file run-v4.cif (mmCIF, C-alpha atoms and all ligand atoms)
data_run
#
loop_
_atom_site.group_PDB
_atom_site.id
_atom_site.type_symbol
_atom_site.label_atom_id
_atom_site.label_comp_id
_atom_site.auth_asym_id
_atom_site.auth_seq_id
_atom_site.Cartn_x
_atom_site.Cartn_y
_atom_site.Cartn_z
ATOM 1 C CA MET A 15 -22.083 -3.452 19.984
ATOM 2 C CA THR A 16 -19.026 -2.719 17.822
ATOM 3 C CA ARG A 17 -19.876 -1.002 14.572
ATOM 4 C CA TYR A 18 -17.606 -1.728 11.638
ATOM 5 C CA SER A 19 -16.982 0.577 8.709
ATOM 6 C CA LYS A 20 -18.480 -0.427 5.366
ATOM 7 C CA ILE A 21 -15.687 1.433 3.617
ATOM 8 C CA ASP A 22 -12.211 0.137 2.826
ATOM 9 C CA LEU A 23 -9.916 2.283 0.691
ATOM 10 C CA HIS A 24 -6.641 0.339 0.821
ATOM 11 C CA THR A 25 -6.502 -3.264 -0.417
ATOM 12 C CA HIS A 26 -4.278 -5.496 -2.545
ATOM 13 C CA SER A 27 -4.999 -8.126 -5.166
ATOM 14 C CA ASN A 28 -2.704 -10.645 -6.835
ATOM 15 C CA LYS A 29 -1.816 -7.968 -9.394
ATOM 16 C CA SER A 30 0.676 -6.924 -6.709
ATOM 17 C CA ASP A 31 1.232 -8.854 -3.468
ATOM 18 C CA GLY A 32 -2.295 -9.775 -2.442
ATOM 19 C CA GLU A 33 -3.590 -13.326 -2.570
ATOM 20 C CA LEU A 34 -6.945 -12.900 -4.306
ATOM 21 C CA SER A 35 -7.685 -11.949 -7.883
ATOM 22 C CA PRO A 36 -9.359 -8.525 -8.245
ATOM 23 C CA ASN A 37 -12.643 -10.321 -8.913
ATOM 24 C CA ASP A 38 -12.399 -12.528 -5.809
ATOM 25 C CA LEU A 39 -11.307 -9.579 -3.683
ATOM 26 C CA VAL A 40 -14.410 -7.603 -4.651
ATOM 27 C CA THR A 41 -16.669 -10.600 -3.999
ATOM 28 C CA LYS A 42 -15.095 -11.166 -0.614
ATOM 29 C CA ALA A 43 -15.366 -7.502 0.304
ATOM 30 C CA SER A 44 -19.025 -7.499 -0.650
ATOM 31 C CA ASN A 45 -19.681 -10.688 1.358
ATOM 32 C CA ASN A 46 -18.002 -9.038 4.343
ATOM 33 C CA GLY A 47 -20.345 -6.063 4.154
ATOM 34 C CA ILE A 48 -18.126 -3.543 2.358
ATOM 35 C CA GLN A 49 -20.068 -1.020 0.284
ATOM 36 C CA MET A 50 -17.228 1.175 -0.939
ATOM 37 C CA LEU A 51 -13.913 -0.447 -1.845
ATOM 38 C CA ALA A 52 -10.688 0.868 -3.343
ATOM 39 C CA LEU A 53 -8.237 -1.514 -4.963
ATOM 40 C CA THR A 54 -4.784 -0.001 -4.345
ATOM 41 C CA ASP A 55 -2.176 -2.406 -5.675
ATOM 42 C CA HIS A 56 1.514 -1.510 -5.369
ATOM 43 C CA ASP A 57 2.595 0.450 -8.444
ATOM 44 C CA THR A 58 0.002 -1.018 -10.801
ATOM 45 C CA VAL A 59 -3.512 -0.258 -12.011
ATOM 46 C CA SER A 60 -3.843 -3.487 -13.964
ATOM 47 C CA GLY A 61 -6.485 -4.977 -11.647
ATOM 48 C CA LEU A 62 -8.916 -2.079 -11.791
ATOM 49 C CA ASN A 63 -10.776 -3.141 -14.897
ATOM 50 C CA ASP A 64 -11.658 -6.584 -13.522
ATOM 51 C CA ALA A 65 -12.443 -5.110 -10.113
ATOM 52 C CA LYS A 66 -14.834 -2.611 -11.694
ATOM 53 C CA LYS A 67 -16.713 -5.370 -13.513
ATOM 54 C CA ALA A 68 -17.021 -7.411 -10.341
ATOM 55 C CA ALA A 69 -18.167 -4.367 -8.385
ATOM 56 C CA VAL A 70 -21.000 -3.797 -10.853
ATOM 57 C CA GLU A 71 -22.072 -7.432 -10.354
ATOM 58 C CA GLU A 72 -21.876 -7.112 -6.579
ATOM 59 C CA ASN A 73 -23.496 -3.670 -6.580
ATOM 60 C CA ILE A 74 -20.749 -2.054 -4.544
ATOM 61 C CA SER A 75 -18.866 1.145 -5.258
ATOM 62 C CA LEU A 76 -15.345 0.567 -6.598
ATOM 63 C CA ILE A 77 -12.889 3.418 -6.271
ATOM 64 C CA ASN A 78 -9.945 3.316 -8.665
ATOM 65 C CA GLY A 79 -6.783 3.379 -6.594
ATOM 66 C CA VAL A 80 -3.071 2.686 -6.555
ATOM 67 C CA GLU A 81 -0.365 2.589 -3.867
ATOM 68 C CA LEU A 82 2.717 4.296 -5.256
ATOM 69 C CA SER A 83 6.213 3.774 -3.858
ATOM 70 C CA THR A 84 8.105 7.029 -3.362
ATOM 71 C CA GLN A 85 11.439 8.022 -1.966
ATOM 72 C CA TRP A 86 11.630 10.776 0.634
ATOM 73 C CA ASP A 87 14.619 11.610 2.809
ATOM 74 C CA ASN A 88 16.169 8.194 2.131
ATOM 75 C CA LYS A 89 12.985 6.431 3.177
ATOM 76 C CA THR A 90 10.355 4.630 1.180
ATOM 77 C CA ILE A 91 6.991 6.288 1.699
ATOM 78 C CA HIS A 92 3.769 4.894 0.281
ATOM 79 C CA ILE A 93 1.302 7.303 -1.266
ATOM 80 C CA VAL A 94 -2.152 6.005 -2.065
ATOM 81 C CA GLY A 95 -3.898 7.637 -5.005
ATOM 82 C CA LEU A 96 -7.677 7.426 -4.782
ATOM 83 C CA ASN A 97 -10.353 8.085 -7.393
ATOM 84 C CA ILE A 98 -7.769 8.276 -10.170
ATOM 85 C CA GLU A 99 -8.397 7.977 -13.908
ATOM 86 C CA ALA A 100 -7.261 4.384 -14.255
ATOM 87 C CA LYS A 101 -6.880 4.557 -18.030
ATOM 88 C CA ASN A 102 -4.856 7.754 -18.102
ATOM 89 C CA ILE A 103 -1.684 7.206 -20.136
ATOM 90 C CA LEU A 104 0.386 8.999 -17.480
ATOM 91 C CA ILE A 105 -0.350 6.414 -14.795
ATOM 92 C CA ILE A 106 0.055 3.542 -17.248
ATOM 93 C CA LYS A 107 3.496 4.860 -18.234
ATOM 94 C CA ALA A 108 4.522 5.521 -14.618
ATOM 95 C CA CYS A 109 3.529 1.986 -13.615
ATOM 96 C CA LYS A 110 5.479 0.547 -16.529
ATOM 97 C CA LYS A 111 8.616 2.276 -15.233
ATOM 98 C CA LEU A 112 7.938 1.155 -11.668
ATOM 99 C CA LYS A 113 7.562 -2.423 -12.845
ATOM 100 C CA VAL A 114 11.047 -2.261 -14.379
ATOM 101 C CA LEU A 115 12.430 -0.758 -11.152
ATOM 102 C CA ARG A 116 10.795 -3.584 -9.201
ATOM 103 C CA LYS A 117 12.234 -6.229 -11.507
ATOM 104 C CA ASP A 118 15.749 -4.774 -11.267
ATOM 105 C CA ARG A 119 15.466 -4.465 -7.498
ATOM 106 C CA ALA A 120 14.219 -8.060 -7.215
ATOM 107 C CA LYS A 121 17.281 -9.285 -9.098
ATOM 108 C CA LYS A 122 19.525 -7.273 -6.761
ATOM 109 C CA ILE A 123 17.743 -8.586 -3.651
ATOM 110 C CA SER A 124 18.144 -12.119 -4.951
ATOM 111 C CA HIS A 125 21.832 -11.502 -5.596
ATOM 112 C CA ARG A 126 22.319 -10.153 -2.069
ATOM 113 C CA LEU A 127 20.549 -13.182 -0.609
ATOM 114 C CA SER A 128 22.745 -15.519 -2.633
ATOM 115 C CA LYS A 129 25.776 -13.948 -0.910
ATOM 116 C CA VAL A 130 24.585 -15.482 2.359
ATOM 117 C CA GLY A 131 23.874 -18.806 0.695
ATOM 118 C CA ILE A 132 20.158 -18.315 -0.029
ATOM 119 C CA ARG A 133 19.668 -19.245 -3.654
ATOM 120 C CA GLY A 134 16.887 -19.168 -6.197
ATOM 121 C CA ALA A 135 14.936 -16.235 -4.746
ATOM 122 C CA TYR A 136 14.410 -14.350 -8.002
ATOM 123 C CA GLU A 137 13.092 -17.384 -9.870
ATOM 124 C CA TYR A 138 10.750 -18.234 -6.992
ATOM 125 C CA THR A 139 9.365 -14.726 -6.472
ATOM 126 C CA LYS A 140 8.949 -14.203 -10.205
ATOM 127 C CA LYS A 141 6.536 -17.146 -10.223
ATOM 128 C CA LEU A 142 4.661 -15.829 -7.176
ATOM 129 C CA ALA A 143 4.144 -12.375 -8.648
ATOM 130 C CA VAL A 144 1.660 -13.338 -11.346
ATOM 131 C CA ASN A 145 1.594 -9.845 -12.826
ATOM 132 C CA GLY A 146 5.358 -9.312 -12.642
ATOM 133 C CA ASN A 147 5.212 -6.745 -9.824
ATOM 134 C CA ILE A 148 7.658 -8.381 -7.437
ATOM 135 C CA THR A 149 7.543 -6.990 -3.886
ATOM 136 C CA ARG A 150 9.400 -7.749 -0.677
ATOM 137 C CA PHE A 151 6.212 -9.536 0.427
ATOM 138 C CA HIS A 152 6.989 -12.180 -2.218
ATOM 139 C CA PHE A 153 10.563 -12.462 -0.924
ATOM 140 C CA ALA A 154 9.119 -12.892 2.563
ATOM 141 C CA GLN A 155 6.941 -15.746 1.298
ATOM 142 C CA PHE A 156 10.013 -17.338 -0.271
ATOM 143 C CA LEU A 157 12.084 -17.034 2.918
ATOM 144 C CA ILE A 158 9.291 -18.523 5.035
ATOM 145 C CA GLU A 159 8.645 -21.343 2.568
ATOM 146 C CA LYS A 160 12.351 -22.231 2.544
ATOM 147 C CA ASN A 161 12.492 -22.136 6.352
ATOM 148 C CA TYR A 162 14.824 -19.159 6.627
ATOM 149 C CA ALA A 163 12.201 -17.330 8.684
ATOM 150 C CA LYS A 164 9.180 -18.245 10.820
ATOM 151 C CA ASN A 165 6.780 -15.525 9.698
ATOM 152 C CA GLN A 166 6.517 -12.105 8.030
ATOM 153 C CA SER A 167 7.633 -10.114 11.037
ATOM 154 C CA ASP A 168 10.621 -12.448 11.462
ATOM 155 C CA VAL A 169 11.542 -11.742 7.821
ATOM 156 C CA PHE A 170 11.307 -7.968 8.186
ATOM 157 C CA LYS A 171 13.476 -8.115 11.297
ATOM 158 C CA ASN A 172 16.209 -10.326 9.911
ATOM 159 C CA TYR A 173 16.166 -9.879 6.137
ATOM 160 C CA LEU A 174 15.368 -7.298 3.441
ATOM 161 C CA VAL A 175 15.807 -4.302 5.767
ATOM 162 C CA LYS A 176 18.775 -1.983 6.338
ATOM 163 C CA SER A 177 22.003 -3.765 7.360
ATOM 164 C CA LYS A 178 20.428 -7.227 6.929
ATOM 165 C CA PRO A 179 20.853 -9.803 4.144
ATOM 166 C CA GLY A 180 18.792 -9.017 1.064
ATOM 167 C CA TYR A 181 18.613 -5.290 1.683
ATOM 168 C CA VAL A 182 18.706 -3.101 -1.381
ATOM 169 C CA SER A 183 18.213 0.646 -1.238
ATOM 170 C CA ALA A 184 15.255 1.662 -3.360
ATOM 171 C CA ASP A 185 15.251 4.212 -6.129
ATOM 172 C CA TRP A 186 11.586 5.175 -6.292
ATOM 173 C CA PRO A 187 10.321 8.458 -7.778
ATOM 174 C CA ASN A 188 10.251 11.405 -5.375
ATOM 175 C CA LEU A 189 7.271 12.650 -3.394
ATOM 176 C CA ASN A 190 6.618 15.692 -5.559
ATOM 177 C CA GLU A 191 6.579 13.723 -8.805
ATOM 178 C CA THR A 192 4.244 11.129 -7.317
ATOM 179 C CA ILE A 193 1.737 13.603 -5.864
ATOM 180 C CA ASN A 194 1.765 15.658 -9.080
ATOM 181 C CA LEU A 195 0.964 12.541 -11.038
ATOM 182 C CA ILE A 196 -1.962 11.635 -8.790
ATOM 183 C CA ASN A 197 -3.354 15.180 -8.961
ATOM 184 C CA THR A 198 -2.935 15.327 -12.740
ATOM 185 C CA ILE A 199 -4.970 12.164 -13.186
ATOM 186 C CA GLY A 200 -7.806 13.536 -11.073
ATOM 187 C CA GLY A 201 -7.005 11.649 -7.892
ATOM 188 C CA VAL A 202 -6.539 12.443 -4.232
ATOM 189 C CA ALA A 203 -3.083 11.741 -2.754
ATOM 190 C CA VAL A 204 -3.151 10.057 0.654
ATOM 191 C CA ILE A 205 -0.238 9.304 3.013
ATOM 192 C CA ALA A 206 -0.507 5.560 3.600
ATOM 193 C CA HIS A 207 -0.094 4.099 7.115
ATOM 194 C CA PRO A 208 1.646 7.230 8.517
ATOM 195 C CA LEU A 209 2.671 5.619 11.801
ATOM 196 C CA ARG A 210 4.463 2.675 10.215
ATOM 197 C CA TYR A 211 7.569 4.431 8.899
ATOM 198 C CA LYS A 212 9.809 4.159 11.955
ATOM 199 C CA ILE A 213 10.582 7.879 11.898
ATOM 200 C CA THR A 214 10.435 10.427 14.726
ATOM 201 C CA ALA A 215 7.386 12.646 15.208
ATOM 202 C CA THR A 216 9.482 15.617 14.047
ATOM 203 C CA LYS A 217 10.387 13.819 10.819
ATOM 204 C CA LEU A 218 6.773 12.787 10.283
ATOM 205 C CA CYS A 219 5.700 16.427 10.640
ATOM 206 C CA LYS A 220 8.340 17.369 8.062
ATOM 207 C CA LEU A 221 6.999 14.692 5.744
ATOM 208 C CA ILE A 222 3.420 15.925 6.148
ATOM 209 C CA ASP A 223 4.524 19.532 5.552
ATOM 210 C CA GLU A 224 6.213 18.576 2.305
ATOM 211 C CA PHE A 225 3.332 16.325 1.317
ATOM 212 C CA LYS A 226 0.974 19.291 1.672
ATOM 213 C CA GLU A 227 3.305 21.656 -0.181
ATOM 214 C CA CYS A 228 3.360 19.187 -3.073
ATOM 215 C CA GLY A 229 -0.451 19.120 -3.204
ATOM 216 C CA GLY A 230 -1.288 16.106 -1.035
ATOM 217 C CA LYS A 231 -4.769 16.195 0.487
ATOM 218 C CA ALA A 232 -5.357 13.293 2.851
ATOM 219 C CA ILE A 233 -3.884 10.909 5.404
ATOM 220 C CA GLU A 234 -4.865 7.416 6.525
ATOM 221 C CA VAL A 235 -6.293 7.596 10.017
ATOM 222 C CA ILE A 236 -7.731 4.107 10.286
ATOM 223 C CA THR A 237 -5.312 1.480 8.997
ATOM 224 C CA SER A 238 -4.613 -2.166 9.700
ATOM 225 C CA HIS A 239 -4.027 -3.256 13.296
ATOM 226 C CA ASN A 240 -4.619 0.259 14.625
ATOM 227 C CA ILE A 241 -4.922 0.577 18.325
ATOM 228 C CA SER A 242 -7.038 3.423 19.661
ATOM 229 C CA LYS A 243 -4.011 5.441 20.722
ATOM 230 C CA GLU A 244 -2.745 5.358 17.139
ATOM 231 C CA ILE A 245 -6.126 6.412 15.788
ATOM 232 C CA THR A 246 -6.015 9.416 18.110
ATOM 233 C CA THR A 247 -2.464 10.264 17.023
ATOM 234 C CA ALA A 248 -3.305 10.016 13.318
ATOM 235 C CA SER A 249 -6.547 12.004 13.827
ATOM 236 C CA ASN A 250 -4.529 14.758 15.466
ATOM 237 C CA TYR A 251 -2.244 14.929 12.436
ATOM 238 C CA ALA A 252 -5.274 15.158 10.138
ATOM 239 C CA LYS A 253 -6.684 18.035 12.196
ATOM 240 C CA LYS A 254 -3.396 19.864 12.690
ATOM 241 C CA TYR A 255 -2.575 19.791 8.986
ATOM 242 C CA ASN A 256 -6.132 20.190 7.738
ATOM 243 C CA LEU A 257 -6.032 16.925 5.822
ATOM 244 C CA ALA A 258 -8.961 14.722 4.894
ATOM 245 C CA ALA A 259 -9.039 11.314 6.593
ATOM 246 C CA SER A 260 -8.890 7.937 4.866
ATOM 247 C CA ILE A 261 -9.602 4.416 6.050
ATOM 248 C CA GLY A 262 -8.131 1.197 4.676
ATOM 249 C CA SER A 263 -7.261 -2.258 5.930
ATOM 250 C CA ASP A 264 -4.193 -2.842 3.691
ATOM 251 C CA PHE A 265 -5.686 -6.290 3.166
ATOM 252 C CA HIS A 266 -3.296 -8.767 1.544
ATOM 253 C CA ASN A 267 -4.588 -12.213 2.467
ATOM 254 C CA GLU A 268 -6.710 -14.204 4.864
ATOM 255 C CA SER A 269 -3.870 -15.553 6.966
ATOM 256 C CA VAL A 270 -3.071 -12.091 8.297
ATOM 257 C CA SER A 271 -5.812 -11.804 10.887
ATOM 258 C CA TRP A 272 -5.224 -8.180 11.820
ATOM 259 C CA ASN A 273 -6.205 -6.795 8.489
ATOM 260 C CA ARG A 274 -9.294 -8.699 7.516
ATOM 261 C CA LEU A 275 -11.692 -7.119 5.052
ATOM 262 C CA GLY A 276 -14.633 -5.408 6.684
ATOM 263 C CA GLY A 277 -13.294 -5.295 10.230
ATOM 264 C CA LEU A 278 -12.255 -1.674 10.558
ATOM 265 C CA PRO A 279 -13.638 0.753 13.123
ATOM 266 C CA LEU A 280 -15.467 3.874 11.929
ATOM 267 C CA LEU A 281 -13.604 7.081 11.075
ATOM 268 C CA PRO A 282 -13.908 9.645 13.869
ATOM 269 C CA GLU A 283 -16.827 11.939 13.074
ATOM 270 C CA SER A 284 -14.826 15.085 13.713
ATOM 271 C CA LEU A 285 -12.727 14.482 10.567
ATOM 272 C CA VAL A 286 -13.462 15.219 6.900
ATOM 273 C CA PRO A 287 -13.669 11.856 5.159
ATOM 274 C CA VAL A 288 -11.565 11.595 2.007
ATOM 275 C CA TRP A 289 -14.544 10.698 -0.206
ATOM 276 C CA LYS A 290 -15.977 14.180 0.423
ATOM 277 C CA LEU A 291 -13.117 15.489 -1.732
ATOM 278 C CA TRP A 292 -14.124 13.583 -4.827
ATOM 279 C CA ASN A 293 -17.858 13.896 -4.271
ATOM 280 C CA LYS A 294 -17.353 17.675 -4.376
ATOM 281 C CA ASN A 295 -15.978 17.485 -7.899
ATOM 282 C CA ASN A 296 -18.585 15.112 -9.302
HETATM 283 P P1 LIG B 1 8.019 -3.390 -1.293
HETATM 284 O O1 LIG B 1 6.991 -2.397 -1.763
HETATM 285 O O2 LIG B 1 8.446 -4.330 -2.387
HETATM 286 O O3 LIG B 1 9.172 -2.763 -0.599
HETATM 287 O O4 LIG B 1 7.310 -4.334 -0.263
HETATM 288 C C1 LIG B 1 6.569 -3.788 0.770
HETATM 289 C C2 LIG B 1 5.555 -4.811 1.214
HETATM 290 O O5 LIG B 1 6.181 -5.751 2.056
HETATM 291 C C3 LIG B 1 4.456 -4.191 2.032
HETATM 292 O O6 LIG B 1 3.431 -3.703 1.248
HETATM 293 C C4 LIG B 1 4.008 -5.355 2.847
HETATM 294 O O7 LIG B 1 3.189 -6.173 2.045
HETATM 295 C C5 LIG B 1 5.296 -6.088 3.116
HETATM 296 N N1 LIG B 1 5.921 -5.643 4.396
HETATM 297 C C6 LIG B 1 6.810 -4.651 4.564
HETATM 298 N N2 LIG B 1 7.175 -4.552 5.866
HETATM 299 C C7 LIG B 1 6.491 -5.506 6.525
HETATM 300 C C8 LIG B 1 6.438 -5.940 7.895
HETATM 301 N N3 LIG B 1 7.183 -5.368 8.840
HETATM 302 N N4 LIG B 1 5.615 -6.975 8.188
HETATM 303 C C9 LIG B 1 4.878 -7.572 7.236
HETATM 304 N N5 LIG B 1 4.896 -7.220 5.946
HETATM 305 C C10 LIG B 1 5.697 -6.204 5.589
HETATM 306 MN MN MN B 2 2.185 -5.162 0.199
HETATM 307 MN MN MN B 3 2.161 0.252 2.094
HETATM 308 MN MN MN B 4 -0.686 -1.479 1.018
#

call {"tool": "encode", "arguments": {"input": "run-v4.cif", "output": "structure tokens"}}
result
Amino acid sequence: MTRYSKIDLHTHSNKSDGELSPNDLVTKASNNGIQMLALTDHDTVSGLNDAKKAAVEENISLINGVELSTQWDNKTIHIVGLNIEAKNILIIKACKKLKVLRKDRAKKISHRLSKVGIRGAYEYTKKLAVNGNITRFHFAQFLIEKNYAKNQSDVFKNYLVKSKPGYVSADWPNLNETINLINTIGGVAVIAHPLRYKITATKLCKLIDEFKECGGKAIEVITSHNISKEITTASNYAKKYNLAASIGSDFHNESVSWNRLGGLPLLPESLVPVWKLWNKNN
């Protein structure tokens, strides 16, 4: 019988590009058997208060999280901060800046799309992003809705990526700044979905080296639509670099079947689970 993990430390609500409100996300996670959940919205902590309240009601453990966009070697790398102080002024200020960056980028993306005759993207995505944190996921929804693309993967092949319409180079804070921030607010920095960056193994090793030098402590080993070969690869990175291991579905919505809440395999027992790092300090 397959055993599923009761822990999910990477999820999104409608405060960024997820479908459910923080409250509904927590309820759904609980109904699906999750006992420890982290809400990790892109560049915002605004859902954590509601999620906490819901978690108390549902009697599950809610870990304060965030997924921060960073720039490294001309690539966007996502760093998840777990067990952070959600009310710390430093994270609130950083998120405020990121929100402005997102808004400016969204306007530029929309402008680029208009050059190939696709109009009204900014107005549409602004409405979709209820909290004002506009992501490329919202642009993908727009392009699908307007029949410019069949599905998400079609969008990220033909639009919004390098040398395609709607591409805008990002200007996120650097890795060091981001990891410092997470450490300063009591959190653990985690490399999100390490095998999804379309970089060579050599480059990934360079990224992990720098991540460690900056004070990063963990790496996601179980992520959405992992196949067992990828779990082995990511586990080997965790071991080689002496990093704790995290597990998270990257849940956004129900229609994406590969990252449903509560369907992840267990973390390999040979690894140090990331929650050991914060339990030590408590
Ligand atoms: P952003 O942070 O605004 O650049 O948007 C990144 C988001 O777009 C991710 O968190 C995903 O939700 C979505 N995304 C990026 N690449 C893909 C992809 N290849 N397939 C599906 N969704 C993607
Ligand atoms: Mn997303
Ligand atoms: Mn991500
Ligand atoms: Mn994510």

call {"tool": "closest_residue", "arguments": {"input": "run-v4.cif", "among": "A:Ala184, A:Leu257, A:Ala206, A:Leu115", "to": "ligand MN 4 (chain B)", "atoms": "all atoms listed in the file"}}
result
A:Ala206

call {"tool": "resolve_selection", "arguments": {"input": "run-v4.cif", "expression": "the PyMOL selection byres (((chain A and resi 120) around 9) and not hetatm)", "output": "PyMOL selection string"}}
result
chain A and resi 115-119+121-125+135-136+139-140+148-150+153+182

call {"tool": "closest_residue", "arguments": {"input": "run-v4.cif", "among": "A:Asn145, A:Asn97, A:Ser183, A:Asn256", "to": "Leu23 of chain A", "atoms": "all atoms listed in the file"}}
result
A:Asn97

call {"tool": "residues_near_ligand", "arguments": {"input": "run-v4.cif", "ligand": "ligand MN 3 (chain B)", "cutoff": "7 Å", "atoms": "all atoms listed in the file", "output": "PDB file with C-alpha atoms, in the coordinates of the input"}}
result
ATOM      1  CA  GLU A  81      -0.365   2.589  -3.867  1.00  0.00           C
ATOM      2  CA  HIS A  92       3.769   4.894   0.281  1.00  0.00           C
ATOM      3  CA  ALA A 206      -0.507   5.560   3.600  1.00  0.00           C
ATOM      4  CA  HIS A 207      -0.094   4.099   7.115  1.00  0.00           C
TER       5      HIS A 207
END

call {"tool": "residues_near_ligand", "arguments": {"input": "run-v4.cif", "ligand": "ligand MN 4 (chain B)", "cutoff": "7 Å", "atoms": "only C-alpha atoms and all ligand atoms", "output": "list of chain:residue names"}}
result
A:His24, A:Thr25, A:His26, A:Thr54, A:Asp55, A:His56, A:Glu81, A:Asp264

call {"tool": "write_last_selection", "arguments": {"input": "run-v4.cif", "atoms": "C-alpha atoms", "output": "PDB file, in the frame of the given file"}}
result
ATOM      1  CA  HIS A  24      -6.641   0.339   0.821  1.00  0.00           C
ATOM      2  CA  THR A  25      -6.502  -3.264  -0.417  1.00  0.00           C
ATOM      3  CA  HIS A  26      -4.278  -5.496  -2.545  1.00  0.00           C
ATOM      4  CA  THR A  54      -4.784  -0.001  -4.345  1.00  0.00           C
ATOM      5  CA  ASP A  55      -2.176  -2.406  -5.675  1.00  0.00           C
ATOM      6  CA  HIS A  56       1.514  -1.510  -5.369  1.00  0.00           C
ATOM      7  CA  GLU A  81      -0.365   2.589  -3.867  1.00  0.00           C
ATOM      8  CA  ASP A 264      -4.193  -2.842   3.691  1.00  0.00           C
TER       9      ASP A 264
END

call {"tool": "atom_distance", "arguments": {"input": "run-v4.cif", "atom1": "atom CA of Asp57 of chain A", "atom2": "atom C4 of ligand LIG 1 (chain B)"}}
result
12.8 Å

call {"tool": "residues_around", "arguments": {"input": "run-v4.cif", "residues": "Ala143 of chain A", "least_positions_apart": "2", "cutoff": "10 Å", "atoms": "only C-alpha atoms", "output": "list in words"}}
result
Asn28, Lys29, Ser30, Asp31, Gly32, Glu33, Tyr138, Thr139, Lys140, Lys141, Asn145, Gly146, Asn147, Ile148, Thr149, Phe151 and His152 of chain A

call {"tool": "closest_residue", "arguments": {"input": "run-v4.cif", "among": "A:Ala203, A:Ile91, A:Cys109, A:Leu218", "to": "ligand LIG 1 (chain B)", "atoms": "all atoms listed in the file"}}
result
A:Ile91

call {"tool": "decode", "arguments": {"input": "run-v4.cif", "residues": "segment 45-56 of chain A", "atoms": "N, CA and C atoms", "output": "PDB file, in the first residue's frame"}}
result
ATOM      1  N   ASN A  45      -8.631  18.145   5.293  1.00  0.00           N
ATOM      2  CA  ASN A  45      -9.510  17.083   4.774  1.00  0.00           C
ATOM      3  C   ASN A  45      -8.727  16.018   4.019  1.00  0.00           C
ATOM      4  N   ASN A  46      -7.617  16.422   3.413  1.00  0.00           N
ATOM      5  CA  ASN A  46      -6.798  15.467   2.656  1.00  0.00           C
ATOM      6  C   ASN A  46      -5.743  14.783   3.522  1.00  0.00           C
ATOM      7  N   GLY A  47      -5.834  14.989   4.823  1.00  0.00           N
ATOM      8  CA  GLY A  47      -4.969  14.240   5.742  1.00  0.00           C
ATOM      9  C   GLY A  47      -3.649  14.902   6.105  1.00  0.00           C
ATOM     10  N   ILE A  48      -3.486  16.171   5.683  1.00  0.00           N
ATOM     11  CA  ILE A  48      -2.240  16.881   6.029  1.00  0.00           C
ATOM     12  C   ILE A  48      -2.270  17.281   7.511  1.00  0.00           C
ATOM     13  N   GLN A  49      -1.152  17.063   8.182  1.00  0.00           N
ATOM     14  CA  GLN A  49      -1.061  17.461   9.594  1.00  0.00           C
ATOM     15  C   GLN A  49      -0.114  18.638   9.818  1.00  0.00           C
ATOM     16  N   MET A  50       0.827  18.807   8.895  1.00  0.00           N
ATOM     17  CA  MET A  50       1.711  19.977   8.986  1.00  0.00           C
ATOM     18  C   MET A  50       1.774  20.630   7.611  1.00  0.00           C
ATOM     19  N   LEU A  51       1.353  21.909   7.569  1.00  0.00           N
ATOM     20  CA  LEU A  51       1.240  22.610   6.287  1.00  0.00           C
ATOM     21  C   LEU A  51       1.986  23.935   6.345  1.00  0.00           C
ATOM     22  N   ALA A  52       2.729  24.244   5.280  1.00  0.00           N
ATOM     23  CA  ALA A  52       3.292  25.595   5.168  1.00  0.00           C
ATOM     24  C   ALA A  52       2.619  26.300   4.005  1.00  0.00           C
ATOM     25  N   LEU A  53       2.154  27.523   4.260  1.00  0.00           N
ATOM     26  CA  LEU A  53       1.673  28.371   3.173  1.00  0.00           C
ATOM     27  C   LEU A  53       2.871  29.193   2.698  1.00  0.00           C
ATOM     28  N   THR A  54       3.202  29.072   1.412  1.00  0.00           N
ATOM     29  CA  THR A  54       4.418  29.711   0.878  1.00  0.00           C
ATOM     30  C   THR A  54       4.083  30.506  -0.383  1.00  0.00           C
ATOM     31  N   ASP A  55       3.278  31.546  -0.212  1.00  0.00           N
ATOM     32  CA  ASP A  55       2.894  32.333  -1.393  1.00  0.00           C
ATOM     33  C   ASP A  55       4.093  33.067  -1.971  1.00  0.00           C
ATOM     34  N   HIS A  56       4.020  33.347  -3.296  1.00  0.00           N
ATOM     35  CA  HIS A  56       5.097  34.084  -3.961  1.00  0.00           C
ATOM     36  C   HIS A  56       5.182  35.497  -3.395  1.00  0.00           C
TER      37      HIS A  56
END
